[in-house]
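To start, the structure itself, in structure tokens.
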Amino acid sequence: MTSRLDGPSVPPASGTARQLVVLVHGYGADGNDLIALAPHLQDALPDAAFVAPDGPEPCGMSPMGRQWFAIDFDDPSRMSNDPHQAMERFSRMDGAADEVAPLLNTFLDEELKRNGLGPEALALVGFSQGTMMSLHVGLRRNPPPAAILGFSGALLGPERLLRESVAPVPVQLVHGDSDDLVPPLAMFAAAGSLGRAGVPVGFHISRGIGHGIAPDGIGIAARHLRQAFEGRLSVQPPVSSPWPG
């Protein structure tokens with residue numbers, strides 16, 4: 001495992017960084033994969049600097065890519081055919097996320113300092129395993145980030161949220177209804193757990209989309225981040241859970 005994270009970046013379109021958006025890639029990809037979102041978000045966030053760190057380890061299933069932690073796909077077809085089993089396995093990966101969380105937290109602190117920004121200027125955007133890491137780290141940062149946006153991911157260790165001190169960070173989750181790798185049910189389960197823990201959360205299903213990011217999801221991400229940075233999103237706990245599970 002590397003001792004320090006690094007990855008590609010895109011400067012703010014306006015020339016002055018007033019926000020920092022950290023893009024956290026998925027399993028088997030790297031920072032070059034998710035930094036491609038930056039041009040699609042710049043119209044809504046002209047003052048945002050974007051950076052996409054590479055995961056700390058070579059990916060076990062795709063050595064050309066990176067991973068935040070190992071995932072044992074002993075039977076991928078069983079994972080996709082049994083969403084409840086997939087969710088259970090993802091939920092138990094919190095210990096692996098704990099091990100790499102200090103590296104990501106250090107990177108976030110260094111990037112904020114490098115851009116001369118405070119913690120309120122930070123937003124995390126994750127995809128798949130990057131969503132898992134963004135939720136795991138972002139909810140526990142003190143001071144907390146302005147927002148978290150998660151595409152096609154899951155919540156690790158959901159039962160821990162009720163006994164730990166987590167920040168009421170505005171969270172938006174987006175998932176494809178045809179995702180056969182991380183089942184859409186994982187998004188609803190995450191939203192329910194976050195709501196019960198007092199975290200304000202919204203969710204959106206992209207129709208006809210598999211394990212990927214659709215244009216409607218990018219639009220929702222841009223709006224969520226812009227409103228969070230402008231202080232227009234509530235950080236009060238929701239009245240009730242958005243998912244009854």
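Within each chain, counting starts at residue 1; across the structure tokens, chains are named A, B, ... in the order shown, with ligands numbered 1 upward in that order.
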
Distance table requested - range 193-216 of chain A against range 113-128 of chain A, cut-off 9 Å, only C-alpha atoms: one row per qualifying residue with the closest atom pair and its distance in Å to one decimal, ordered by chain and rising residue number, as JSON lines.
```
{"residue": "A:His211", "atom": "CA", "partner": "A:Ser128", "partner_atom": "CA", "distance": 8.2}
{"residue": "A:Gly212", "atom": "CA", "partner": "A:Phe127", "partner_atom": "CA", "distance": 8.2}
{"residue": "A:Ile213", "atom": "CA", "partner": "A:Phe127", "partner_atom": "CA", "distance": 8.4}
```

message: List the spatial neighbours of range 156-170 of chain A as a PyMOL selection string - criterion: any atom at most 7 Å away, only C-alpha atoms, same-chain residues fewer than 6 positions off excluded.
response: chain A and resi 90-94+132+136+139-140+144-148+193+197-201+233+235-237

- prompt: Please, which residues of range 4-213 of chain A, numbered as in this document, come out strand (DSSP E or B) from DSSP, as a PyMOL selection string?
  reply: chain A and resi 9-10+19-24+29+48-51+57-58+66-67+122-127+147-151+171-176+201-206

Residues of range 50-153 of chain A that have any atom at most 12 Å from an atom of range 24-45 of chain A: could you tabulate them with the shortest-distance atom pair and the distance in Å to one decimal, using only C-alpha atoms, ordered by chain and increasing number, as CSV?
```
residue,atom,partner,partner_atom,distance
A:Phe50,CA,A:Ala38,CA,6.4
A:Val51,CA,A:Ile35,CA,6.8
A:Ala52,CA,A:Gly31,CA,4.6
A:Pro53,CA,A:Gly31,CA,5.2
A:Asp54,CA,A:Gly31,CA,4.8
A:Gly55,CA,A:Asp30,CA,6.5
A:Pro56,CA,A:Asp30,CA,9.8
A:Glu57,CA,A:Gly28,CA,9.8
A:Pro58,CA,A:Gly28,CA,8.0
A:Cys59,CA,A:Gly28,CA,5.4
A:Gly60,CA,A:Gly28,CA,8.1
A:Met61,CA,A:Gly28,CA,7.0
A:Ser62,CA,A:Gly28,CA,5.5
A:Pro63,CA,A:Gly28,CA,7.6
A:Met64,CA,A:Gly28,CA,7.6
A:Gly65,CA,A:Gly28,CA,4.4
A:Arg66,CA,A:Gly28,CA,5.0
A:Gln67,CA,A:Tyr27,CA,4.9
A:Trp68,CA,A:Tyr27,CA,7.1
A:Phe69,CA,A:Tyr27,CA,8.3
A:Ala70,CA,A:Tyr27,CA,8.6
A:Ile71,CA,A:Tyr27,CA,8.4
A:Asp72,CA,A:Tyr27,CA,11.5
A:Phe73,CA,A:Tyr27,CA,11.6
A:Leu104,CA,A:Val24,CA,9.5
A:Phe107,CA,A:Val24,CA,11.5
A:Leu108,CA,A:Val24,CA,11.1
A:Ala121,CA,A:Leu45,CA,11.8
A:Ala123,CA,A:Val24,CA,10.7
A:Leu124,CA,A:Val24,CA,7.3
A:Val125,CA,A:Val24,CA,6.1
A:Gly126,CA,A:Val24,CA,4.6
A:Phe127,CA,A:Gly26,CA,5.3
A:Ser128,CA,A:Gly26,CA,5.0
A:Gln129,CA,A:Gly26,CA,4.6
A:Gly130,CA,A:Val24,CA,4.6
A:Thr131,CA,A:Val24,CA,7.1
A:Met132,CA,A:Gly26,CA,9.0
A:Met133,CA,A:Val24,CA,7.6
A:Ser134,CA,A:Val24,CA,7.0
A:Leu135,CA,A:Val24,CA,10.6
A:His136,CA,A:Val24,CA,11.9
A:Val137,CA,A:Val24,CA,11.2
A:Gly138,CA,A:Val24,CA,11.5
A:Ile148,CA,A:Val24,CA,10.9
A:Leu149,CA,A:Val24,CA,10.2
A:Gly150,CA,A:Val24,CA,9.4
A:Phe151,CA,A:Gly26,CA,9.7
A:Ser152,CA,A:Gly26,CA,9.4
A:Gly153,CA,A:Gly26,CA,9.0
```

Using C-alpha atoms, can you write the selected residues to a file as a PDB file, in the first residue's frame?
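Done, and the output landed in result33.pdb:
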```pdb
ATOM      1  CA  PHE A  50     -11.244  19.045  -8.787  1.00  0.00           C
ATOM      2  CA  VAL A  51      -8.852  16.271  -7.802  1.00  0.00           C
ATOM      3  CA  ALA A  52      -9.144  12.487  -8.157  1.00  0.00           C
ATOM      4  CA  PRO A  53      -6.679  10.485  -6.051  1.00  0.00           C
ATOM      5  CA  ASP A  54      -5.570   7.036  -7.144  1.00  0.00           C
ATOM      6  CA  GLY A  55      -6.443   4.236  -4.730  1.00  0.00           C
ATOM      7  CA  PRO A  56      -3.544   3.058  -2.560  1.00  0.00           C
ATOM      8  CA  GLU A  57      -3.226  -0.492  -3.923  1.00  0.00           C
ATOM      9  CA  PRO A  58      -3.023  -2.256  -7.288  1.00  0.00           C
ATOM     10  CA  CYS A  59      -6.360  -3.921  -7.951  1.00  0.00           C
ATOM     11  CA  GLY A  60      -6.387  -7.662  -7.330  1.00  0.00           C
ATOM     12  CA  MET A  61      -8.809  -8.299 -10.208  1.00  0.00           C
ATOM     13  CA  SER A  62      -7.405  -5.686 -12.601  1.00  0.00           C
ATOM     14  CA  PRO A  63      -3.688  -5.009 -11.948  1.00  0.00           C
ATOM     15  CA  MET A  64      -3.688  -2.012 -14.329  1.00  0.00           C
ATOM     16  CA  GLY A  65      -6.215  -0.309 -12.039  1.00  0.00           C
ATOM     17  CA  ARG A  66      -6.279   0.570  -8.354  1.00  0.00           C
ATOM     18  CA  GLN A  67      -8.398  -0.305  -5.343  1.00  0.00           C
ATOM     19  CA  TRP A  68      -9.155   1.262  -1.984  1.00  0.00           C
ATOM     20  CA  PHE A  69      -9.343  -2.175  -0.402  1.00  0.00           C
ATOM     21  CA  ALA A  70      -9.634  -5.756  -1.594  1.00  0.00           C
ATOM     22  CA  ILE A  71     -12.992  -7.232  -2.587  1.00  0.00           C
ATOM     23  CA  ASP A  72     -13.279 -11.007  -2.868  1.00  0.00           C
ATOM     24  CA  PHE A  73     -15.450 -11.753  -5.883  1.00  0.00           C
ATOM     25  CA  LEU A 104      -7.707   9.495   2.411  1.00  0.00           C
ATOM     26  CA  PHE A 107      -5.009  13.611   1.378  1.00  0.00           C
ATOM     27  CA  LEU A 108      -8.152  15.687   1.961  1.00  0.00           C
ATOM     28  CA  ALA A 121     -15.385  24.108   1.136  1.00  0.00           C
ATOM     29  CA  ALA A 123     -17.258  17.919  -1.140  1.00  0.00           C
ATOM     30  CA  LEU A 124     -16.728  14.210  -1.806  1.00  0.00           C
ATOM     31  CA  VAL A 125     -18.033  12.512  -4.947  1.00  0.00           C
ATOM     32  CA  GLY A 126     -17.641   8.749  -5.151  1.00  0.00           C
ATOM     33  CA  PHE A 127     -18.405   5.986  -7.619  1.00  0.00           C
ATOM     34  CA  SER A 128     -18.970   2.375  -6.496  1.00  0.00           C
ATOM     35  CA  GLN A 129     -16.145   1.545  -4.069  1.00  0.00           C
ATOM     36  CA  GLY A 130     -15.384   5.257  -4.070  1.00  0.00           C
ATOM     37  CA  THR A 131     -18.902   5.908  -2.779  1.00  0.00           C
ATOM     38  CA  MET A 132     -18.249   3.428   0.025  1.00  0.00           C
ATOM     39  CA  MET A 133     -15.081   5.303   0.961  1.00  0.00           C
ATOM     40  CA  SER A 134     -16.681   8.757   0.585  1.00  0.00           C
ATOM     41  CA  LEU A 135     -19.490   7.860   2.975  1.00  0.00           C
ATOM     42  CA  HIS A 136     -17.206   6.052   5.392  1.00  0.00           C
ATOM     43  CA  VAL A 137     -14.716   8.916   5.626  1.00  0.00           C
ATOM     44  CA  GLY A 138     -16.917  11.948   4.971  1.00  0.00           C
ATOM     45  CA  ILE A 148     -21.286  13.876  -0.200  1.00  0.00           C
ATOM     46  CA  LEU A 149     -22.507  12.532  -3.539  1.00  0.00           C
ATOM     47  CA  GLY A 150     -22.444   8.780  -4.144  1.00  0.00           C
ATOM     48  CA  PHE A 151     -22.950   6.980  -7.458  1.00  0.00           C
ATOM     49  CA  SER A 152     -23.651   3.224  -7.605  1.00  0.00           C
ATOM     50  CA  GLY A 153     -22.319   2.429  -4.140  1.00  0.00           C
TER      51      GLY A 153
END
```

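Separating CA of Leu23 in chain A from CA of Ser9 in chain A is a distance of 9.5 Å.
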
message: For Val174 in chain A, find every residue with an atom within 6 Å (counting only C-alpha atoms), except residues of its own chain fewer than 4 positions away, and show them as a list in words.
response: Phe151, Phe203, His204 and Ile205 of chain A

message: For the structure I just gave you, how does DSSP split range 33-165 of chain A - specifically, which residues are alpha helix (DSSP H)? Reply as an MDAnalysis selection string.
response: chainID A and resid 33:34 38:41 76:81 83:91 94:114 129:138

query: Using only C-alpha atoms, which residues sit within 12 Å of Pro184 in chain A once same-chain residues fewer than 2 positions away are excluded, as an MDAnalysis selection string?
result: chainID A and resid 80 82:84 86:87 128 151:154 173:182 186:191 203:212

task: Name all residues at most 10 Å from Thr16 in chain A (count only C-alpha atoms; drop same-chain ones fewer than 3 positions away) and give them as number ranges by chain.
output: A: 11-13, 19, 46-49, 115

Residue subset to file, keeping C-alpha atoms, as a short mmCIF file (atom, residue, chain, number, x, y, z; two decimals), in the first residue's frame:
```
data_model
loop_
_atom_site.label_atom_id
_atom_site.label_comp_id
_atom_site.auth_asym_id
_atom_site.auth_seq_id
_atom_site.Cartn_x
_atom_site.Cartn_y
_atom_site.Cartn_z
CA PRO A 11 -8.18 23.76 -11.78
CA PRO A 12 -11.26 25.92 -11.26
CA ALA A 13 -12.80 27.34 -14.42
CA GLN A 19 -14.37 24.96 -3.30
CA PRO A 46 -16.90 27.42 -11.74
CA ASP A 47 -14.98 28.11 -8.52
CA ALA A 48 -14.32 24.44 -7.71
CA ALA A 49 -10.96 22.75 -7.99
CA ASN A 115 -5.85 25.38 -2.04
#
```

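What separates CA of Arg141 in chain A from CA of Thr106 in chain A is a distance of 11.0 Å.
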
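A straight line drawn from CA of Gly95 in chain A to CA of Met1 in chain A is 15.8 Å long.
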